[in-house]
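Printed here is start26.pdb (PDB, C-alpha atoms):
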ATOM      1  CA  MET B 143      14.208  20.283  -4.144  1.00  0.00           C
ATOM      2  CA  LYS B 144      14.876  17.714  -6.847  1.00  0.00           C
ATOM      3  CA  PRO B 145      13.570  14.222  -6.171  1.00  0.00           C
ATOM      4  CA  SER B 146      16.088  11.506  -5.397  1.00  0.00           C
ATOM      5  CA  LYS B 147      17.051   9.230  -8.228  1.00  0.00           C
ATOM      6  CA  PRO B 148      15.768   5.668  -7.968  1.00  0.00           C
ATOM      7  CA  PHE B 149      18.338   3.064  -6.993  1.00  0.00           C
ATOM      8  CA  LYS B 150      18.393  -0.493  -5.749  1.00  0.00           C
ATOM      9  CA  PRO B 151      20.040  -0.779  -2.333  1.00  0.00           C
ATOM     10  CA  THR B 152      22.863  -3.220  -1.750  1.00  0.00           C
ATOM     11  CA  LYS B 153      22.742  -5.911   0.947  1.00  0.00           C
ATOM     12  CA  GLU B 154      24.981  -3.704   3.072  1.00  0.00           C
ATOM     13  CA  GLN B 155      22.644  -0.728   2.666  1.00  0.00           C
ATOM     14  CA  LEU B 156      19.692  -2.898   3.673  1.00  0.00           C
ATOM     15  CA  LEU B 157      21.491  -4.030   6.830  1.00  0.00           C
ATOM     16  CA  GLU B 158      22.407  -0.427   7.631  1.00  0.00           C
ATOM     17  CA  ALA B 159      18.729   0.588   7.307  1.00  0.00           C
ATOM     18  CA  VAL B 160      17.658  -1.286  10.463  1.00  0.00           C
ATOM     19  CA  GLY B 161      16.214   1.280  12.874  1.00  0.00           C
ATOM     20  CA  LYS B 162      16.274   4.174  10.392  1.00  0.00           C
ATOM     21  CA  THR B 163      13.299   6.498  10.089  1.00  0.00           C
ATOM     22  CA  LEU B 164      11.780   8.287   7.104  1.00  0.00           C
ATOM     23  CA  PRO B 165      10.792  11.922   7.006  1.00  0.00           C
ATOM     24  CA  ASP B 166       7.030  12.345   6.988  1.00  0.00           C
ATOM     25  CA  VAL B 167       5.385  13.791   3.906  1.00  0.00           C
ATOM     26  CA  ILE B 168       3.066  16.051   5.854  1.00  0.00           C
ATOM     27  CA  ALA B 169       1.527  19.519   5.965  1.00  0.00           C
ATOM     28  CA  PRO B 170      -1.343  21.157   7.854  1.00  0.00           C
ATOM     29  CA  ASN B 171      -4.956  20.392   6.921  1.00  0.00           C
ATOM     30  CA  LEU B 172      -4.410  17.461   4.555  1.00  0.00           C
ATOM     31  CA  ARG B 173      -7.384  15.611   3.074  1.00  0.00           C
ATOM     32  CA  VAL B 174      -5.801  12.253   3.925  1.00  0.00           C
ATOM     33  CA  LEU B 175      -2.731  11.237   5.897  1.00  0.00           C
ATOM     34  CA  PHE B 176      -1.791   7.683   4.881  1.00  0.00           C
ATOM     35  CA  CYS B 177       0.127   5.822   7.588  1.00  0.00           C
ATOM     36  CA  GLY B 178       2.046   2.652   6.910  1.00  0.00           C
ATOM     37  CA  ILE B 179       2.828   0.157   9.642  1.00  0.00           C
ATOM     38  CA  ASN B 180       6.543   0.963   9.688  1.00  0.00           C
ATOM     39  CA  PRO B 181       9.259   1.325   7.057  1.00  0.00           C
ATOM     40  CA  GLY B 182      10.739  -1.857   5.671  1.00  0.00           C
ATOM     41  CA  LEU B 183      14.486  -2.041   5.129  1.00  0.00           C
ATOM     42  CA  TYR B 184      14.261  -1.396   1.381  1.00  0.00           C
ATOM     43  CA  THR B 185      12.095   1.685   1.932  1.00  0.00           C
ATOM     44  CA  ALA B 186      14.378   3.004   4.680  1.00  0.00           C
ATOM     45  CA  ALA B 187      17.493   2.370   2.578  1.00  0.00           C
ATOM     46  CA  VAL B 188      16.173   4.390  -0.365  1.00  0.00           C
ATOM     47  CA  GLY B 189      14.522   6.987   1.897  1.00  0.00           C
ATOM     48  CA  HIS B 190      11.034   7.018   0.344  1.00  0.00           C
ATOM     49  CA  HIS B 191       7.675   5.650   1.496  1.00  0.00           C
ATOM     50  CA  PHE B 192       6.313   2.412  -0.001  1.00  0.00           C
ATOM     51  CA  ALA B 193       9.375   2.174  -2.256  1.00  0.00           C
ATOM     52  CA  ARG B 194       9.890  -1.594  -2.399  1.00  0.00           C
ATOM     53  CA  PRO B 195       9.070  -2.988  -5.834  1.00  0.00           C
ATOM     54  CA  GLY B 196       5.843  -4.939  -5.629  1.00  0.00           C
ATOM     55  CA  ASN B 197       4.259  -2.624  -3.071  1.00  0.00           C
ATOM     56  CA  ARG B 198       0.784  -1.806  -4.320  1.00  0.00           C
ATOM     57  CA  PHE B 199       0.318   1.532  -2.551  1.00  0.00           C
ATOM     58  CA  TRP B 200       1.222   3.681  -5.567  1.00  0.00           C
ATOM     59  CA  PRO B 201      -0.874   1.731  -8.112  1.00  0.00           C
ATOM     60  CA  ALA B 202      -3.853   1.653  -5.712  1.00  0.00           C
ATOM     61  CA  LEU B 203      -3.546   5.389  -5.095  1.00  0.00           C
ATOM     62  CA  HIS B 204      -3.566   6.068  -8.831  1.00  0.00           C
ATOM     63  CA  LYS B 205      -6.212   3.559  -9.914  1.00  0.00           C
ATOM     64  CA  SER B 206      -8.569   4.745  -7.149  1.00  0.00           C
ATOM     65  CA  GLY B 207      -8.431   8.318  -8.464  1.00  0.00           C
ATOM     66  CA  PHE B 208      -6.345   9.963  -5.749  1.00  0.00           C
ATOM     67  CA  THR B 209      -3.763  10.827  -8.429  1.00  0.00           C
ATOM     68  CA  ASP B 210      -4.141  11.400 -12.162  1.00  0.00           C
ATOM     69  CA  ARG B 211      -0.995   9.398 -12.927  1.00  0.00           C
ATOM     70  CA  LEU B 212       1.144   6.744 -11.317  1.00  0.00           C
ATOM     71  CA  ILE B 213       3.540   8.601  -9.030  1.00  0.00           C
ATOM     72  CA  SER B 214       6.937   7.181  -8.142  1.00  0.00           C
ATOM     73  CA  PRO B 215       7.908   6.892  -4.481  1.00  0.00           C
ATOM     74  CA  PHE B 216      10.831   9.129  -5.408  1.00  0.00           C
ATOM     75  CA  ASP B 217       8.328  11.900  -6.232  1.00  0.00           C
ATOM     76  CA  GLU B 218       6.258  11.381  -3.077  1.00  0.00           C
ATOM     77  CA  ARG B 219       6.285  15.079  -2.102  1.00  0.00           C
ATOM     78  CA  GLU B 220       4.046  15.798  -5.120  1.00  0.00           C
ATOM     79  CA  LEU B 221       1.225  14.319  -3.033  1.00  0.00           C
ATOM     80  CA  LEU B 222       1.195  17.370  -0.788  1.00  0.00           C
ATOM     81  CA  LYS B 223      -0.225  19.450  -3.682  1.00  0.00           C
ATOM     82  CA  LEU B 224      -3.150  16.999  -3.721  1.00  0.00           C
ATOM     83  CA  GLY B 225      -3.789  17.260   0.016  1.00  0.00           C
ATOM     84  CA  ILE B 226      -2.264  13.851   0.699  1.00  0.00           C
ATOM     85  CA  GLY B 227       0.489  13.020   3.169  1.00  0.00           C
ATOM     86  CA  MET B 228       2.353   9.980   4.454  1.00  0.00           C
ATOM     87  CA  SER B 229       3.696   8.804   7.769  1.00  0.00           C
ATOM     88  CA  ASN B 230       4.052   5.545   9.676  1.00  0.00           C
ATOM     89  CA  VAL B 231       2.524   4.201  12.859  1.00  0.00           C
ATOM     90  CA  VAL B 232       5.927   2.986  14.063  1.00  0.00           C
ATOM     91  CA  PRO B 233       8.709   5.214  12.739  1.00  0.00           C
ATOM     92  CA  HIS B 234      11.711   2.844  12.764  1.00  0.00           C
ATOM     93  CA  ALA B 235      12.584   0.350  10.051  1.00  0.00           C
ATOM     94  CA  THR B 236      12.606  -3.392  10.520  1.00  0.00           C
ATOM     95  CA  ALA B 237      12.996  -6.321   8.155  1.00  0.00           C
ATOM     96  CA  SER B 238       9.420  -7.357   8.976  1.00  0.00           C
ATOM     97  CA  ALA B 239       6.496  -5.816  10.863  1.00  0.00           C
ATOM     98  CA  ALA B 240       6.450  -9.063  12.879  1.00  0.00           C
ATOM     99  CA  GLU B 241       9.567  -7.748  14.670  1.00  0.00           C
ATOM    100  CA  LEU B 242       7.567  -4.903  16.226  1.00  0.00           C
ATOM    101  CA  THR B 243       6.554  -5.165  19.877  1.00  0.00           C
ATOM    102  CA  LYS B 244       3.407  -4.084  21.700  1.00  0.00           C
ATOM    103  CA  GLU B 245       5.469  -1.243  23.119  1.00  0.00           C
ATOM    104  CA  ASP B 246       6.536  -0.157  19.615  1.00  0.00           C
ATOM    105  CA  PHE B 247       2.888   0.047  18.561  1.00  0.00           C
ATOM    106  CA  ALA B 248       1.747   1.840  21.722  1.00  0.00           C
ATOM    107  CA  ALA B 249       4.532   4.431  21.453  1.00  0.00           C
ATOM    108  CA  GLY B 250       3.918   4.787  17.704  1.00  0.00           C
ATOM    109  CA  GLY B 251       0.202   5.345  18.277  1.00  0.00           C
ATOM    110  CA  ARG B 252       0.943   8.126  20.780  1.00  0.00           C
ATOM    111  CA  LEU B 253       3.404   9.754  18.372  1.00  0.00           C
ATOM    112  CA  LEU B 254       0.946   9.528  15.478  1.00  0.00           C
ATOM    113  CA  ALA B 255      -1.806  11.062  17.637  1.00  0.00           C
ATOM    114  CA  GLN B 256       0.528  13.996  18.391  1.00  0.00           C
ATOM    115  CA  LYS B 257       1.135  14.505  14.646  1.00  0.00           C
ATOM    116  CA  VAL B 258      -2.601  14.375  13.963  1.00  0.00           C
ATOM    117  CA  LYS B 259      -3.241  16.961  16.686  1.00  0.00           C
ATOM    118  CA  ARG B 260      -0.549  19.239  15.258  1.00  0.00           C
ATOM    119  CA  TYR B 261      -1.299  18.908  11.513  1.00  0.00           C
ATOM    120  CA  ARG B 262      -5.090  18.328  11.631  1.00  0.00           C
ATOM    121  CA  PRO B 263      -5.646  16.033   8.622  1.00  0.00           C
ATOM    122  CA  ARG B 264      -9.317  15.396   7.894  1.00  0.00           C
ATOM    123  CA  VAL B 265      -8.769  11.636   7.580  1.00  0.00           C
ATOM    124  CA  VAL B 266      -6.052   9.327   8.873  1.00  0.00           C
ATOM    125  CA  ALA B 267      -5.804   6.114   6.857  1.00  0.00           C
ATOM    126  CA  ILE B 268      -3.908   3.363   8.667  1.00  0.00           C
ATOM    127  CA  LEU B 269      -2.568   0.812   6.173  1.00  0.00           C
ATOM    128  CA  GLY B 270      -2.695  -2.318   8.257  1.00  0.00           C
ATOM    129  CA  VAL B 271      -5.522  -3.627  10.433  1.00  0.00           C
ATOM    130  CA  GLY B 272      -3.156  -5.124  12.997  1.00  0.00           C
ATOM    131  CA  ALA B 273      -1.207  -1.900  13.304  1.00  0.00           C
ATOM    132  CA  TYR B 274      -4.366   0.050  14.092  1.00  0.00           C
ATOM    133  CA  ARG B 275      -5.597  -2.596  16.524  1.00  0.00           C
ATOM    134  CA  HIS B 276      -2.320  -2.608  18.462  1.00  0.00           C
ATOM    135  CA  ALA B 277      -1.461   1.091  18.322  1.00  0.00           C
ATOM    136  CA  PHE B 278      -4.901   2.344  19.327  1.00  0.00           C
ATOM    137  CA  ASN B 279      -6.118  -0.559  21.494  1.00  0.00           C
ATOM    138  CA  GLN B 280      -8.966  -1.472  19.149  1.00  0.00           C
ATOM    139  CA  PRO B 281      -8.754  -5.296  19.073  1.00  0.00           C
ATOM    140  CA  LYS B 282     -11.953  -5.736  17.044  1.00  0.00           C
ATOM    141  CA  ALA B 283     -11.251  -3.114  14.377  1.00  0.00           C
ATOM    142  CA  ALA B 284     -11.879  -4.145  10.778  1.00  0.00           C
ATOM    143  CA  VAL B 285     -11.138  -2.605   7.380  1.00  0.00           C
ATOM    144  CA  GLY B 286     -13.137   0.567   6.716  1.00  0.00           C
ATOM    145  CA  GLU B 287     -14.145   3.727   8.550  1.00  0.00           C
ATOM    146  CA  GLN B 288     -13.845   3.515  12.329  1.00  0.00           C
ATOM    147  CA  ALA B 289     -16.239   4.930  14.921  1.00  0.00           C
ATOM    148  CA  GLU B 290     -13.288   6.348  16.863  1.00  0.00           C
ATOM    149  CA  LYS B 291     -11.414   9.478  15.830  1.00  0.00           C
ATOM    150  CA  ILE B 292      -7.846  10.559  16.413  1.00  0.00           C
ATOM    151  CA  HIS B 293      -8.422  14.054  17.748  1.00  0.00           C
ATOM    152  CA  SER B 294     -10.682  15.604  15.097  1.00  0.00           C
ATOM    153  CA  ALA B 295      -9.566  13.297  12.263  1.00  0.00           C
ATOM    154  CA  ARG B 296     -11.755  10.494  10.998  1.00  0.00           C
ATOM    155  CA  VAL B 297      -9.988   7.150  10.895  1.00  0.00           C
ATOM    156  CA  TRP B 298     -10.011   4.610   8.078  1.00  0.00           C
ATOM    157  CA  VAL B 299      -8.283   1.272   8.224  1.00  0.00           C
ATOM    158  CA  LEU B 300      -7.079  -0.150   4.939  1.00  0.00           C
ATOM    159  CA  PRO B 301      -5.185  -3.369   4.220  1.00  0.00           C
ATOM    160  CA  ASN B 302      -1.423  -3.278   4.147  1.00  0.00           C
ATOM    161  CA  PRO B 303      -0.512  -2.751   0.446  1.00  0.00           C
ATOM    162  CA  SER B 304       2.714  -4.738   0.690  1.00  0.00           C
ATOM    163  CA  GLY B 305       3.154  -7.305  -2.022  1.00  0.00           C
ATOM    164  CA  LEU B 306       3.576  -9.810   0.831  1.00  0.00           C
ATOM    165  CA  ASN B 307      -0.074  -9.327   1.859  1.00  0.00           C
ATOM    166  CA  ALA B 308      -1.734 -11.947  -0.318  1.00  0.00           C
ATOM    167  CA  ASN B 309      -5.120 -11.504   1.393  1.00  0.00           C
ATOM    168  CA  TYR B 310      -5.828  -8.408  -0.708  1.00  0.00           C
ATOM    169  CA  GLN B 311      -5.044  -8.164  -4.401  1.00  0.00           C
ATOM    170  CA  LEU B 312      -4.788  -4.885  -6.312  1.00  0.00           C
ATOM    171  CA  PRO B 313      -8.438  -4.751  -7.514  1.00  0.00           C
ATOM    172  CA  GLU B 314      -9.705  -5.071  -3.937  1.00  0.00           C
ATOM    173  CA  LEU B 315      -7.199  -2.479  -2.685  1.00  0.00           C
ATOM    174  CA  VAL B 316      -8.330  -0.099  -5.430  1.00  0.00           C
ATOM    175  CA  ARG B 317     -11.977  -0.577  -4.430  1.00  0.00           C
ATOM    176  CA  LEU B 318     -11.194   0.179  -0.777  1.00  0.00           C
ATOM    177  CA  PHE B 319      -9.007   3.188  -1.641  1.00  0.00           C
ATOM    178  CA  ARG B 320     -11.801   4.456  -3.922  1.00  0.00           C
ATOM    179  CA  GLU B 321     -14.314   4.218  -1.034  1.00  0.00           C
ATOM    180  CA  LEU B 322     -11.949   6.238   1.145  1.00  0.00           C
ATOM    181  CA  ARG B 323     -11.424   8.820  -1.602  1.00  0.00           C
ATOM    182  CA  ALA B 324     -15.174   9.275  -2.102  1.00  0.00           C
ATOM    183  CA  LYS B 325     -15.657   9.833   1.628  1.00  0.00           C
ATOM    184  CA  ALA B 326     -12.588  12.071   2.000  1.00  0.00           C
ATOM    185  CA  ASP B 327     -13.803  14.271  -0.848  1.00  0.00           C
ATOM    186  CA  VAL B 328     -17.033  15.090   1.000  1.00  0.00           C
ATOM    187  CA  ILE B 329     -15.603  15.536   4.524  1.00  0.00           C
ATOM    188  CA  SER B 330     -15.107  19.193   5.315  1.00  0.00           C
TER     189      SER B 330
END

Whole structure given in structure tokens:
Amino acid sequence: MKPSKPFKPTKEQLLEAVGKTLPDVIAPNLRVLFCGINPGLYTAAVGHHFARPGNRFWPALHKSGFTDRLISPFDERELLKLGIGMSNVVPHATASAAELTKEDFAAGGRLLAQKVKRYRPRVVAILGVGAYRHAFNQPKAAVGEQAEKIHSARVWVLPNPSGLNANYQLPELVRLFRELRAKADVIS
């Protein structure tokens, strides 16, 4: 399958993206399954994970050594060859994660746990502390490896790589992604 060609969505396409879902980039026995909070409208409109310009997921993934080059969101399926997948805690798109309810997170956490049980990734990396706290009822969770597992998968919480998250700049994201990569490489 040829990758989609990059395009910038129109205002109408962004409005039409409300509630849309993205297909997971997933396969059995991945090294790491990265899970965003939920798709933003730009990402849902173009149909690829972490696609909004300014999102630091792709640069952090590359600079931390998960990939040997900067991969475009439009080539996201290449990650499967590297044992990396992508999903979301809450599957439906919103303009902002602030629009999500407690029920959205609880249902999303149950759905993600079902995917983890089915596909058996070694590590699940949740990209958003609040998303993990709400979806898995862990109100004191912090960035890093968690004591809890999702089925047999180890759980890491990483900061949301959105360009809107000013609390973490790219160098800090790269450091945290690198720590995850080092751990994921030794987990069997």

Within 10 Å of (1.1, 13.1, 13.1) in the file's own coordinates, which protein, DNA or RNA residues have an atom, counting only C-alpha atoms? List them as a ChimeraX atom specification. /B:166,168-170,175,177,227-231,250-263,266,292

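CA of Val232 (chain B) sits 4.9 Å away from CA of Asn180 (chain B).
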
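Shortest atom-to-atom contact with Tyr274 (chain B) among B:Leu156, B:Ile213, B:Ala289, B:Ile179: B:Ile179, counting only C-alpha atoms.
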
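When the PyMOL selection byres ((chain B and resi 269) around 7) is evaluated on the file shown here, the picked residues come out as Cys177, Gly178, Ile179, Ala267, Ile268, Gly270, Val271, Val299, Leu300, Pro301 and Asn302 of chain B.
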
Save out the residues we just selected, C-alpha atoms, as a CSV table (one decimal), in the frame of the given file.
chain,number,residue,atom,x,y,z
B,177,CYS,CA,0.1,5.8,7.6
B,178,GLY,CA,2.0,2.7,6.9
B,179,ILE,CA,2.8,0.2,9.6
B,267,ALA,CA,-5.8,6.1,6.9
B,268,ILE,CA,-3.9,3.4,8.7
B,270,GLY,CA,-2.7,-2.3,8.3
B,271,VAL,CA,-5.5,-3.6,10.4
B,299,VAL,CA,-8.3,1.3,8.2
B,300,LEU,CA,-7.1,-0.2,4.9
B,301,PRO,CA,-5.2,-3.4,4.2
B,302,ASN,CA,-1.4,-3.3,4.1

Find the spatial neighbours of Arg198 (chain B), counting only C-alpha atoms, within a cut-off of 12 Å - ignore same-chain residues fewer than 5 positions away - and output them as a ChimeraX atom specification. /B:191-193,203-206,212-215,269,301-308,310-316,319

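What separates CA of Phe149 (chain B) from CA of Lys223 (chain B) is a distance of 25.0 Å.
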